[in-house]
>>> print(open('entry38.cif').read())   # mmCIF, C-alpha atoms and all ligand atoms
data_protein
loop_
_atom_site.label_atom_id
_atom_site.label_comp_id
_atom_site.auth_asym_id
_atom_site.auth_seq_id
_atom_site.Cartn_x
_atom_site.Cartn_y
_atom_site.Cartn_z
CA MET T 167 -14.78 -30.22 -8.94
CA LYS T 168 -14.60 -26.44 -8.93
CA ARG T 169 -11.12 -25.14 -8.29
CA ASP T 170 -10.63 -22.73 -5.34
CA ALA T 171 -10.58 -19.06 -6.32
CA LEU T 172 -7.13 -17.55 -6.84
CA TYR T 173 -5.95 -14.22 -5.43
CA ASP T 174 -2.77 -12.16 -5.39
CA LEU T 175 -2.28 -9.20 -3.09
CA HIS T 176 1.35 -8.42 -3.89
CA ILE T 177 2.24 -7.62 -7.50
CA HIS T 178 4.76 -5.15 -8.96
CA THR T 179 4.50 -3.54 -12.38
CA LYS T 180 6.52 -1.23 -14.57
CA LEU T 181 5.47 1.67 -12.35
CA SER T 182 8.09 0.43 -9.88
CA ASP T 183 10.61 -2.37 -10.34
CA GLY T 184 8.41 -4.91 -12.13
CA ASN T 185 8.86 -5.40 -15.86
CA LYS T 186 5.27 -5.74 -17.02
CA ASP T 187 2.49 -3.30 -17.61
CA ALA T 188 -0.42 -3.45 -15.15
CA LEU T 189 -3.01 -3.95 -17.90
CA ASP T 190 -1.01 -6.85 -19.39
CA ILE T 191 -0.83 -8.45 -15.93
CA LEU T 192 -4.61 -8.09 -15.62
CA GLU T 193 -4.96 -10.06 -18.85
CA VAL T 194 -2.80 -12.85 -17.43
CA ALA T 195 -4.85 -12.68 -14.22
CA LYS T 196 -8.02 -13.08 -16.25
CA ALA T 197 -6.60 -16.03 -18.21
CA ASN T 198 -5.52 -17.66 -14.93
CA GLU T 199 -8.96 -17.03 -13.43
CA LEU T 200 -7.82 -14.81 -10.56
CA GLU T 201 -10.72 -13.18 -8.73
CA ALA T 202 -8.92 -10.29 -7.06
CA VAL T 203 -5.50 -8.68 -7.24
CA SER T 204 -3.66 -5.72 -5.78
CA PHE T 205 -0.78 -3.89 -7.44
CA THR T 206 1.64 -2.94 -4.69
CA ASP T 207 4.19 -0.87 -6.57
CA HIS T 208 6.88 0.72 -4.42
CA HIS T 209 6.11 4.22 -3.22
CA THR T 210 3.08 4.87 -5.40
CA THR T 211 -0.62 4.07 -5.58
CA ARG T 212 -0.89 5.25 -9.18
CA THR T 213 -1.08 1.72 -10.56
CA PHE T 214 -4.60 1.34 -9.21
CA ASP T 215 -5.73 4.49 -11.00
CA GLU T 216 -4.17 3.29 -14.26
CA ALA T 217 -5.70 -0.16 -14.10
CA THR T 218 -9.05 0.20 -12.37
CA VAL T 219 -11.25 0.70 -15.42
CA TYR T 220 -9.79 -2.25 -17.32
CA ALA T 221 -10.03 -4.42 -14.19
CA ASP T 222 -13.74 -3.56 -13.98
CA TYR T 223 -14.13 -4.43 -17.64
CA LEU T 224 -12.48 -7.82 -17.11
CA GLY T 225 -14.48 -8.46 -13.95
CA ILE T 226 -11.43 -8.65 -11.67
CA GLU T 227 -11.63 -7.07 -8.24
CA LEU T 228 -8.76 -4.56 -7.97
CA ILE T 229 -7.77 -3.41 -4.50
CA PRO T 230 -5.74 -0.17 -4.27
CA GLY T 231 -2.26 -1.02 -3.03
CA THR T 232 1.27 0.19 -2.40
CA GLU T 233 4.48 -0.97 -0.70
CA ILE T 234 6.60 1.49 1.28
CA SER T 235 10.11 0.97 2.69
CA THR T 236 10.84 2.09 6.23
CA SER T 237 13.97 3.02 8.12
CA ASP T 238 13.50 0.89 11.23
CA PHE T 239 14.88 -2.38 9.86
CA LYS T 240 16.28 -3.66 6.58
CA SER T 241 13.44 -4.90 4.35
CA LEU T 242 10.78 -3.71 6.76
CA HIS T 243 8.25 -2.86 4.07
CA ILE T 244 4.68 -1.85 4.78
CA LEU T 245 1.90 -2.73 2.37
CA GLY T 246 -1.10 -0.44 2.19
CA TYR T 247 -4.49 -1.66 0.92
CA GLY T 248 -7.75 0.05 0.11
CA MET T 249 -6.62 3.70 0.27
CA ASP T 250 -9.56 5.73 -1.01
CA ASP T 251 -7.99 9.15 -0.43
CA ARG T 252 -4.68 8.76 -2.23
CA ALA T 253 -3.68 12.27 -3.36
CA GLU T 254 -1.81 13.40 -0.24
CA LEU T 255 -0.08 10.03 0.25
CA ASN T 256 1.02 9.97 -3.40
CA MET T 257 2.41 13.47 -3.15
CA GLN T 258 4.46 12.55 -0.09
CA LEU T 259 5.74 9.38 -1.77
CA LYS T 260 6.68 11.28 -4.90
CA THR T 261 8.73 13.74 -2.86
CA ILE T 262 10.60 10.87 -1.20
CA THR T 263 11.26 9.19 -4.56
CA GLN T 264 12.55 12.36 -6.19
CA THR T 265 14.78 13.23 -3.24
CA ASN T 266 16.21 9.73 -3.21
CA GLN T 267 16.82 9.71 -6.95
CA ARG T 268 18.84 12.90 -6.49
CA LYS T 269 20.84 11.22 -3.71
CA ILE T 270 21.57 8.19 -5.92
CA ILE T 271 22.72 10.53 -8.71
CA GLU T 272 24.99 12.18 -6.14
CA ILE T 273 26.47 8.76 -5.31
CA LEU T 274 26.92 7.98 -9.00
CA LEU T 275 28.66 11.29 -9.73
CA LYS T 276 30.96 10.93 -6.71
CA ILE T 277 32.02 7.46 -7.83
CA GLU T 278 32.55 8.57 -11.42
CA GLN T 279 34.72 11.42 -10.19
CA GLN T 280 36.67 9.06 -7.95
CA TYR T 281 37.41 6.56 -10.74
CA GLY T 282 37.57 9.13 -13.53
CA LYS T 283 35.13 7.25 -15.76
CA LYS T 284 31.43 7.03 -16.47
CA LEU T 285 29.58 4.06 -15.02
CA PHE T 286 26.54 4.34 -17.27
CA THR T 287 25.66 6.16 -20.49
CA ASN T 288 23.14 9.00 -20.26
CA HIS T 289 20.64 6.75 -22.02
CA GLN T 290 21.11 4.02 -19.40
CA VAL T 291 20.61 6.55 -16.59
CA LYS T 292 17.46 7.84 -18.28
CA VAL T 293 16.01 4.34 -18.62
CA MET T 294 16.90 3.46 -15.03
CA LEU T 295 15.29 6.65 -13.73
CA ARG T 296 12.19 5.92 -15.75
CA GLU T 297 11.98 2.35 -14.55
CA GLY T 298 12.93 3.05 -10.95
CA ASN T 299 16.06 0.93 -11.23
CA LEU T 300 18.67 3.55 -10.47
CA THR T 301 19.52 1.99 -7.15
CA ARG T 302 22.53 1.56 -4.90
CA LYS T 303 22.44 -2.16 -5.69
CA ASN T 304 22.65 -1.60 -9.46
CA ILE T 305 25.56 0.79 -9.02
CA ALA T 306 27.35 -1.84 -6.92
CA HIS T 307 26.77 -4.46 -9.65
CA GLN T 308 28.07 -2.07 -12.29
CA LEU T 309 31.27 -1.49 -10.29
CA VAL T 310 31.88 -5.25 -10.36
CA LYS T 311 31.03 -5.48 -14.05
CA MET T 312 33.59 -2.79 -14.82
CA GLY T 313 36.24 -4.46 -12.68
CA LEU T 314 36.24 -1.64 -10.13
CA ALA T 315 35.12 -3.84 -7.22
CA LYS T 316 35.61 -7.53 -6.55
CA ASP T 317 32.04 -8.39 -5.58
CA ALA T 318 28.71 -6.62 -5.30
CA GLU T 319 28.35 -7.26 -1.55
CA SER T 320 31.59 -5.50 -0.62
CA ALA T 321 30.98 -2.73 -3.20
CA TYR T 322 27.65 -2.13 -1.50
CA SER T 323 28.84 -2.29 2.09
CA ASP T 324 32.15 -0.42 1.58
CA ILE T 325 31.25 2.17 -1.05
CA VAL T 326 27.67 2.56 -2.25
CA GLY T 327 25.52 1.46 0.68
CA PRO T 328 24.21 3.63 3.51
CA PHE T 329 27.20 2.63 5.65
CA GLY T 330 29.72 2.91 2.79
CA ASN T 331 32.50 5.49 2.54
CA LEU T 332 30.53 7.98 0.41
CA GLY T 333 28.28 8.67 3.37
CA VAL T 334 25.26 9.65 1.26
CA GLN T 335 22.01 8.92 3.10
CA THR T 336 18.69 8.51 1.35
CA ILE T 337 15.46 9.29 3.17
CA LYS T 338 13.28 6.54 4.48
CA PRO T 339 10.31 7.28 6.69
CA SER T 340 9.83 5.47 9.98
CA ALA T 341 7.40 2.56 10.07
CA LYS T 342 5.23 4.61 12.45
CA ASN T 343 4.92 7.47 9.93
CA VAL T 344 4.25 5.09 7.05
CA ILE T 345 1.48 3.26 8.91
CA GLU T 346 -0.12 6.55 9.98
CA SER T 347 0.01 7.92 6.40
CA ILE T 348 -1.60 4.76 5.01
CA ASN T 349 -4.30 4.95 7.67
CA SER T 350 -5.07 8.60 7.00
CA ALA T 351 -5.37 7.80 3.27
CA GLY T 352 -8.10 5.32 4.28
CA GLY T 353 -5.84 2.28 3.93
CA VAL T 354 -5.10 -0.84 5.93
CA ALA T 355 -1.40 -1.30 6.81
CA VAL T 356 0.14 -4.78 6.59
CA VAL T 357 3.75 -5.77 7.23
CA ALA T 358 5.21 -7.29 4.03
CA HIS T 359 7.31 -10.51 3.76
CA PRO T 360 8.06 -10.62 7.51
CA ARG T 361 10.68 -13.30 7.07
CA SER T 362 12.94 -10.90 5.14
CA ILE T 363 13.15 -8.31 7.91
CA LYS T 364 16.73 -7.88 9.16
CA HIS T 365 18.64 -5.73 11.59
CA ARG T 366 19.96 -2.75 9.69
CA GLN T 367 23.63 -2.84 10.54
CA SER T 368 24.35 -6.49 11.34
CA GLY T 369 22.06 -7.82 8.61
CA HIS T 370 20.89 -10.60 10.95
CA ASN T 371 17.38 -11.96 10.64
CA LEU T 372 14.97 -11.13 13.44
CA SER T 373 14.33 -13.93 15.89
CA PHE T 374 10.76 -15.15 16.44
CA LYS T 375 10.71 -13.21 19.72
CA GLU T 376 11.90 -10.02 18.00
CA HIS T 377 9.24 -10.48 15.31
CA GLU T 378 6.56 -10.71 17.98
CA GLN T 379 7.81 -7.55 19.69
CA LEU T 380 8.02 -5.67 16.40
CA PHE T 381 4.46 -6.61 15.34
CA ALA T 382 3.10 -5.54 18.74
CA GLU T 383 4.88 -2.19 18.44
CA LEU T 384 3.65 -1.66 14.86
CA LYS T 385 0.13 -2.58 15.92
CA SER T 386 0.24 0.22 18.47
CA TYR T 387 0.81 2.62 15.51
CA GLY T 388 -2.15 1.23 13.54
CA LEU T 389 -0.82 -1.90 11.79
CA GLN T 390 -3.66 -4.30 11.00
CA GLY T 391 -2.10 -7.27 9.25
CA ILE T 392 0.83 -9.54 8.48
CA GLU T 393 1.66 -10.89 5.04
CA ALA T 394 1.83 -14.37 6.53
CA ILE T 395 1.50 -16.07 3.13
CA HIS T 396 4.46 -15.21 0.91
CA GLN T 397 5.93 -17.18 -1.95
CA SER T 398 9.44 -17.02 -0.46
CA ASP T 399 8.44 -18.80 2.76
CA ASN T 400 8.60 -22.45 1.92
CA SER T 401 9.16 -23.60 5.46
CA SER T 402 5.86 -24.50 7.08
CA ARG T 403 7.39 -23.86 10.51
CA VAL T 404 7.95 -20.20 9.58
CA GLN T 405 4.54 -19.79 7.92
CA ASN T 406 2.84 -21.36 10.91
CA PHE T 407 4.70 -19.02 13.22
CA PHE T 408 3.50 -15.91 11.36
CA LYS T 409 -0.06 -17.25 11.25
CA TYR T 410 0.10 -17.99 14.96
CA VAL T 411 1.38 -14.48 15.80
CA ALA T 412 -1.26 -12.86 13.57
CA ASN T 413 -4.02 -14.81 15.35
CA ASN T 414 -2.51 -14.13 18.73
CA GLN T 415 -2.19 -10.38 18.17
CA GLY T 416 -5.53 -9.91 16.40
CA LEU T 417 -3.94 -9.08 13.02
CA ILE T 418 -5.33 -10.18 9.67
CA LYS T 419 -3.33 -12.48 7.36
CA THR T 420 -2.70 -11.52 3.74
CA GLY T 421 -0.58 -12.99 0.98
CA GLY T 422 0.60 -12.81 -2.58
CA SER T 423 3.40 -13.63 -4.96
CA ASP T 424 5.59 -10.46 -4.86
CA TYR T 425 5.60 -10.89 -8.64
CA HIS T 426 8.11 -8.70 -10.51
CA GLY T 427 8.15 -10.52 -13.85
CA HIS T 428 11.89 -10.99 -14.17
CA ARG T 429 12.67 -13.71 -11.66
CA SER T 430 12.66 -17.32 -12.78
CA GLY T 431 9.64 -19.42 -11.85
CA GLU T 432 7.47 -16.43 -10.98
CA SER T 433 3.74 -16.56 -11.52
CA ILE T 434 0.83 -14.49 -10.31
CA GLY T 435 -1.75 -15.94 -7.92
CA ASN T 436 -0.94 -17.55 -4.58
CA PRO T 437 -3.06 -20.67 -3.98
CA ASN T 438 -2.60 -20.33 -0.22
CA VAL T 439 -4.51 -17.05 -0.11
CA LYS T 440 -8.09 -18.08 0.58
CA GLU T 441 -11.48 -16.44 0.46
CA LYS T 442 -11.43 -16.07 4.28
CA HIS T 443 -8.23 -13.99 4.07
CA MET T 444 -9.81 -11.78 1.39
CA ASP T 445 -12.95 -11.35 3.47
CA SER T 446 -11.03 -10.17 6.51
CA LEU T 447 -9.07 -7.69 4.39
CA ARG T 448 -12.26 -6.40 2.72
CA GLN T 449 -13.86 -5.99 6.15
CA ALA T 450 -10.81 -4.15 7.55
CA ILE T 451 -10.87 -1.77 4.56
CA LYS T 452 -14.60 -1.17 5.00
CA ASP T 453 -14.16 -0.45 8.72
CA ARG T 454 -11.28 1.91 7.97
CA HIS T 455 -13.38 3.87 5.44
CA ASN T 456 -16.35 4.02 7.80
CA SER T 457 -14.21 5.42 10.60
CA LYS T 458 -13.07 8.40 8.47
CA ALA T 459 -14.77 11.76 8.18
CA PRO T 460 -16.60 12.11 4.83
CA ARG T 461 -14.65 13.86 2.08
CA ASP T 462 -15.80 16.67 -0.15
CA ALA T 463 -17.19 15.44 -3.45
CA CYS T 464 -15.03 16.04 -6.54
CA SER T 465 -15.87 19.60 -7.57
CA LEU T 466 -14.66 19.06 -11.13
CA CYS T 467 -16.68 15.89 -11.64
CA ALA T 468 -20.20 17.31 -11.92
CA SER T 469 -21.43 17.11 -15.49
CA SER T 470 -22.81 20.28 -16.99
ZN ZN O 501 9.18 -5.64 -0.24
ZN ZN O 502 7.07 -6.29 -3.09
#
>>> encode(input="entry38.cif", output="structure tokens", more="lines below")
Ligand SMILES: [Zn+2]
Ligand SMILES: [Zn+2]
Amino acid sequence: MKRDALYDLHIHTKLSDGNKDALDILEVAKANELEAVSFTDHHTTRTFDEATVYADYLGIELIPGTEISTSDFKSLHILGYGMDDRAELNMQLKTITQTNQRKIIEILLKIEQQYGKKLFTNHQVKVMLREGNLTRKNIAHQLVKMGLAKDAESAYSDIVGPFGNLGVQTIKPSAKNVIESINSAGGVAVVAHPRSIKHRQSGHNLSFKEHEQLFAELKSYGLQGIEAIHQSDNSSRVQNFFKYVANNQGLIKTGGSDYHGHRSGESIGNPNVKEKHMDSLRQAIKDRHNSKAPRDACSLCASS
């Protein structure tokens, strides 16, 4: 009997915090007989541009993707799919990334001054900047490793985190702005891993009721889907709830693995993402493109 087609709409690569190259992942996808994938690297859509030609060569459908953090709640991440007009969005995301990297460096320097010692070598900082791993979390872990804090949680909440004593705030756009930017780039906005969303200060999970209210609010800004199928949700009660809300609110359902390459037991392809889910995403992308004003053709692309 023919096996169902496999898809994965949530994969990270080296261009954000994943540890594999997009083209290498495409090879694994080909070997595992995946039909379509989307690279959803944090705060960039560049992965699509890097991988699209090789994906065509391998015969894998590659959907432009990204994942953007928002300020409204902890882990309220918005996935964008199908952006066909990516230049402006990428420029905005790059500005956010650079500003935030400067803020993290500010945190690092303040801590080093406070303790009178270096937390990382210059080489380590360079590699972390390159790989997008210079984060508050990694600084908190390093403080523990060096015996300067007792555990990473308290180092984060008391010192390094947004509510810690250093008081350095990074910039995060609101969910409304993120959804609108994805839409104006010709993309479909989908709320990622809804189960992980937490209240910012208390860290409490959202209740089912709060989830429903949040999705309705985000829909009013242009949200079109919920990542109802996520590897981390192993409770069918929770999955069923997100599917129910998506149906109820007229939102499409997407899914993936959130593959990063460095967690144990990770693999690409989520067997619960079906052809019907792909079809509704493809249709939503098509409708989004059709509703936009036509763009100027690429003036540098005409052959002489
Ligand atoms: Zn995420
Ligand atoms: Zn992710």
>>> residues_around(input="entry38.cif", residues="segment 336-352 of chain T", least_positions_apart="6", cutoff="8 Å", atoms="only C-alpha atoms", output="mmCIF file with C-alpha atoms, keeping the file's coordinate frame")
data_model
loop_
_atom_site.group_PDB
_atom_site.id
_atom_site.type_symbol
_atom_site.label_atom_id
_atom_site.label_comp_id
_atom_site.auth_asym_id
_atom_site.auth_seq_id
_atom_site.Cartn_x
_atom_site.Cartn_y
_atom_site.Cartn_z
ATOM 1 C CA ILE T 234 6.600 1.490 1.280
ATOM 2 C CA SER T 235 10.110 0.970 2.690
ATOM 3 C CA THR T 236 10.840 2.090 6.230
ATOM 4 C CA SER T 237 13.970 3.020 8.120
ATOM 5 C CA ASP T 238 13.500 0.890 11.230
ATOM 6 C CA LEU T 242 10.780 -3.710 6.760
ATOM 7 C CA ILE T 244 4.680 -1.850 4.780
ATOM 8 C CA GLY T 246 -1.100 -0.440 2.190
ATOM 9 C CA GLY T 248 -7.750 0.050 0.110
ATOM 10 C CA MET T 249 -6.620 3.700 0.270
ATOM 11 C CA ASP T 250 -9.560 5.730 -1.010
ATOM 12 C CA ASP T 251 -7.990 9.150 -0.430
ATOM 13 C CA ARG T 252 -4.680 8.760 -2.230
ATOM 14 C CA GLU T 254 -1.810 13.400 -0.240
ATOM 15 C CA LEU T 255 -0.080 10.030 0.250
ATOM 16 C CA ILE T 262 10.600 10.870 -1.200
ATOM 17 C CA THR T 265 14.780 13.230 -3.240
ATOM 18 C CA ASN T 266 16.210 9.730 -3.210
ATOM 19 C CA LYS T 269 20.840 11.220 -3.710
ATOM 20 C CA ILE T 270 21.570 8.190 -5.920
ATOM 21 C CA PRO T 328 24.210 3.630 3.510
ATOM 22 C CA LEU T 384 3.650 -1.660 14.860
ATOM 23 C CA TYR T 387 0.810 2.620 15.510
ATOM 24 C CA GLY T 388 -2.150 1.230 13.540
ATOM 25 C CA LEU T 389 -0.820 -1.900 11.790
ATOM 26 C CA ILE T 451 -10.870 -1.770 4.560
ATOM 27 C CA ARG T 454 -11.280 1.910 7.970
ATOM 28 C CA HIS T 455 -13.380 3.870 5.440
ATOM 29 C CA LYS T 458 -13.070 8.400 8.470
#
>>> closest_residue(input="entry38.cif", among="T:Tyr281, T:Arg448, T:Phe239, T:Ile395", to="Gly313 of chain T", atoms="all atoms listed in the file")
T:Tyr281
>>> atom_distance(input="entry38.cif", atom1="atom CA of Lys409 of chain T", atom2="atom CA of Ile392 of chain T")
8.2 Å
>>> residues_around(input="entry38.cif", residues="Leu192 of chain T", least_positions_apart="3", cutoff="12 Å", atoms="all atoms listed in the file", output="PyMOL selection string")
chain T and resi 173-174+177-179+186-189+195-205+213-214+216-228+434-435
>>> atom_distance(input="entry38.cif", atom1="atom CA of Leu300 of chain T", atom2="atom CA of Gln335 of chain T")
15.0 Å
>>> residues_near_ligand(input="entry38.cif", ligand="ligand ZN 502 (chain O)", cutoff="8 Å", atoms="only C-alpha atoms and all ligand atoms", output="list in words")
His176, Ile177, His178, Thr206, Asp207, His208, Glu233, Ala358, Asp424, Tyr425 and His426 of chain T
>>> residues_around(input="entry38.cif", residues="segment 374-381 of chain T", least_positions_apart="6", cutoff="8 Å", atoms="only C-alpha atoms", output="list of chain:residue names")
T:Pro360, T:Leu389, T:Phe407, T:Val411
>>> closest_residue(input="entry38.cif", among="T:Val356, T:Leu372, T:Ile418, T:Val326", to="ligand ZN 501 (chain O)", atoms="all atoms listed in the file")
T:Val356
>>> atom_distance(input="entry38.cif", atom1="atom CA of Ser323 of chain T", atom2="atom CA of Glu278 of chain T")
17.7 Å
>>> closest_residue(input="entry38.cif", among="T:Leu309, T:Val357, T:Ala321, T:Leu332", to="ligand ZN 501 (chain O)", atoms="all atoms listed in the file")
T:Val357
>>> closest_residue(input="entry38.cif", among="T:Asn414, T:Gln390, T:Thr232, T:Thr210", to="ligand ZN 501 (chain O)", atoms="only C-alpha atoms and all ligand atoms")
T:Thr232
>>> closest_residue(input="entry38.cif", among="T:Ser386, T:Ser241, T:Thr420, T:Asn331", to="ligand ZN 501 (chain O)", atoms="only C-alpha atoms and all ligand atoms")
T:Ser241
>>> residues_around(input="entry38.cif", residues="Met312 of chain T", least_positions_apart="6", cutoff="12 Å", atoms="all atoms listed in the file", output="PyMOL selection string")
chain T and resi 278+281+283-286+305-306+318+321
>>> decode(input="entry38.cif", residues="segment 358-452 of chain T", atoms="C-alpha atoms", output="tab-separated table (two decimals), in the first residue's frame")
chain	number	residue	atom	x	y	z
T	358	ALA	CA	3.05	28.82	15.93
T	359	HIS	CA	3.01	26.09	18.65
T	360	PRO	CA	-0.05	27.57	20.41
T	361	ARG	CA	0.41	25.34	23.42
T	362	SER	CA	3.68	27.09	24.33
T	363	ILE	CA	2.15	30.57	24.60
T	364	LYS	CA	2.47	31.96	28.14
T	365	HIS	CA	1.70	35.14	30.01
T	366	ARG	CA	4.79	37.31	29.90
T	367	GLN	CA	5.32	38.09	33.54
T	368	SER	CA	3.71	35.19	35.41
T	369	GLY	CA	4.87	32.58	32.89
T	370	HIS	CA	1.51	30.80	33.20
T	371	ASN	CA	0.10	28.93	30.24
T	372	LEU	CA	-2.96	30.42	28.58
T	373	SER	CA	-6.23	28.73	29.41
T	374	PHE	CA	-8.38	27.32	26.60
T	375	LYS	CA	-10.66	30.35	26.95
T	376	GLU	CA	-7.70	32.76	26.71
T	377	HIS	CA	-6.43	30.90	23.63
T	378	GLU	CA	-9.81	31.34	21.96
T	379	GLN	CA	-9.86	35.06	22.75
T	380	LEU	CA	-6.30	35.52	21.53
T	381	PHE	CA	-6.93	33.74	18.20
T	382	ALA	CA	-10.07	35.83	17.60
T	383	GLU	CA	-8.10	39.02	18.27
T	384	LEU	CA	-5.22	37.93	16.00
T	385	LYS	CA	-7.70	37.00	13.29
T	386	SER	CA	-9.01	40.55	13.35
T	387	TYR	CA	-5.44	41.67	12.41
T	388	GLY	CA	-5.22	39.20	9.50
T	389	LEU	CA	-4.20	35.87	11.09
T	390	GLN	CA	-5.28	32.96	8.88
T	391	GLY	CA	-4.14	29.81	10.63
T	392	ILE	CA	-3.14	27.87	13.72
T	393	GLU	CA	-0.26	25.43	13.89
T	394	ALA	CA	-2.60	22.86	15.40
T	395	ILE	CA	-0.29	19.95	14.60
T	396	HIS	CA	2.99	20.30	16.48
T	397	GLN	CA	5.41	17.60	17.57
T	398	SER	CA	5.40	18.84	21.18
T	399	ASP	CA	1.65	18.33	21.63
T	400	ASN	CA	1.28	14.71	22.51
T	401	SER	CA	-1.99	15.12	24.33
T	402	SER	CA	-4.88	14.46	21.97
T	403	ARG	CA	-7.14	16.60	24.17
T	404	VAL	CA	-4.96	19.64	23.44
T	405	GLN	CA	-4.59	18.87	19.73
T	406	ASN	CA	-8.32	18.36	19.41
T	407	PHE	CA	-8.95	21.65	21.14
T	408	PHE	CA	-6.75	23.58	18.69
T	409	LYS	CA	-8.35	21.81	15.73
T	410	TYR	CA	-11.78	22.61	17.11
T	411	VAL	CA	-10.94	26.30	17.59
T	412	ALA	CA	-9.41	26.53	14.10
T	413	ASN	CA	-12.58	25.04	12.56
T	414	ASN	CA	-14.79	27.20	14.72
T	415	GLN	CA	-13.00	30.44	13.86
T	416	GLY	CA	-12.48	29.69	10.15
T	417	LEU	CA	-8.68	29.36	10.46
T	418	ILE	CA	-6.58	26.85	8.54
T	419	LYS	CA	-4.57	24.15	10.36
T	420	THR	CA	-0.87	23.71	9.68
T	421	GLY	CA	1.85	21.61	11.26
T	422	GLY	CA	5.45	20.56	11.31
T	423	SER	CA	8.28	19.30	13.45
T	424	ASP	CA	9.98	22.53	14.65
T	425	TYR	CA	13.17	20.68	13.72
T	426	HIS	CA	16.40	22.30	14.94
T	427	GLY	CA	18.77	19.36	14.53
T	428	HIS	CA	20.23	19.35	18.02
T	429	ARG	CA	17.44	17.96	20.16
T	430	SER	CA	17.27	14.24	20.80
T	431	GLY	CA	14.71	12.26	18.84
T	432	GLU	CA	14.13	15.00	16.28
T	433	SER	CA	13.22	14.13	12.72
T	434	ILE	CA	11.78	16.05	9.82
T	435	GLY	CA	8.30	15.29	8.50
T	436	ASN	CA	5.15	15.24	10.59
T	437	PRO	CA	2.86	12.33	9.64
T	438	ASN	CA	-0.16	14.17	11.02
T	439	VAL	CA	0.11	16.92	8.41
T	440	LYS	CA	-2.11	15.73	5.58
T	441	GLU	CA	-2.69	16.68	1.97
T	442	LYS	CA	-5.91	18.51	2.98
T	443	HIS	CA	-3.91	20.79	5.32
T	444	MET	CA	-1.42	21.53	2.53
T	445	ASP	CA	-4.23	22.26	0.10
T	446	SER	CA	-5.84	24.80	2.40
T	447	LEU	CA	-2.49	26.52	2.96
T	448	ARG	CA	-1.75	26.58	-0.80
T	449	GLN	CA	-5.21	28.05	-1.43
T	450	ALA	CA	-4.76	30.71	1.29
T	451	ILE	CA	-1.40	31.71	-0.24
T	452	LYS	CA	-2.92	31.88	-3.72
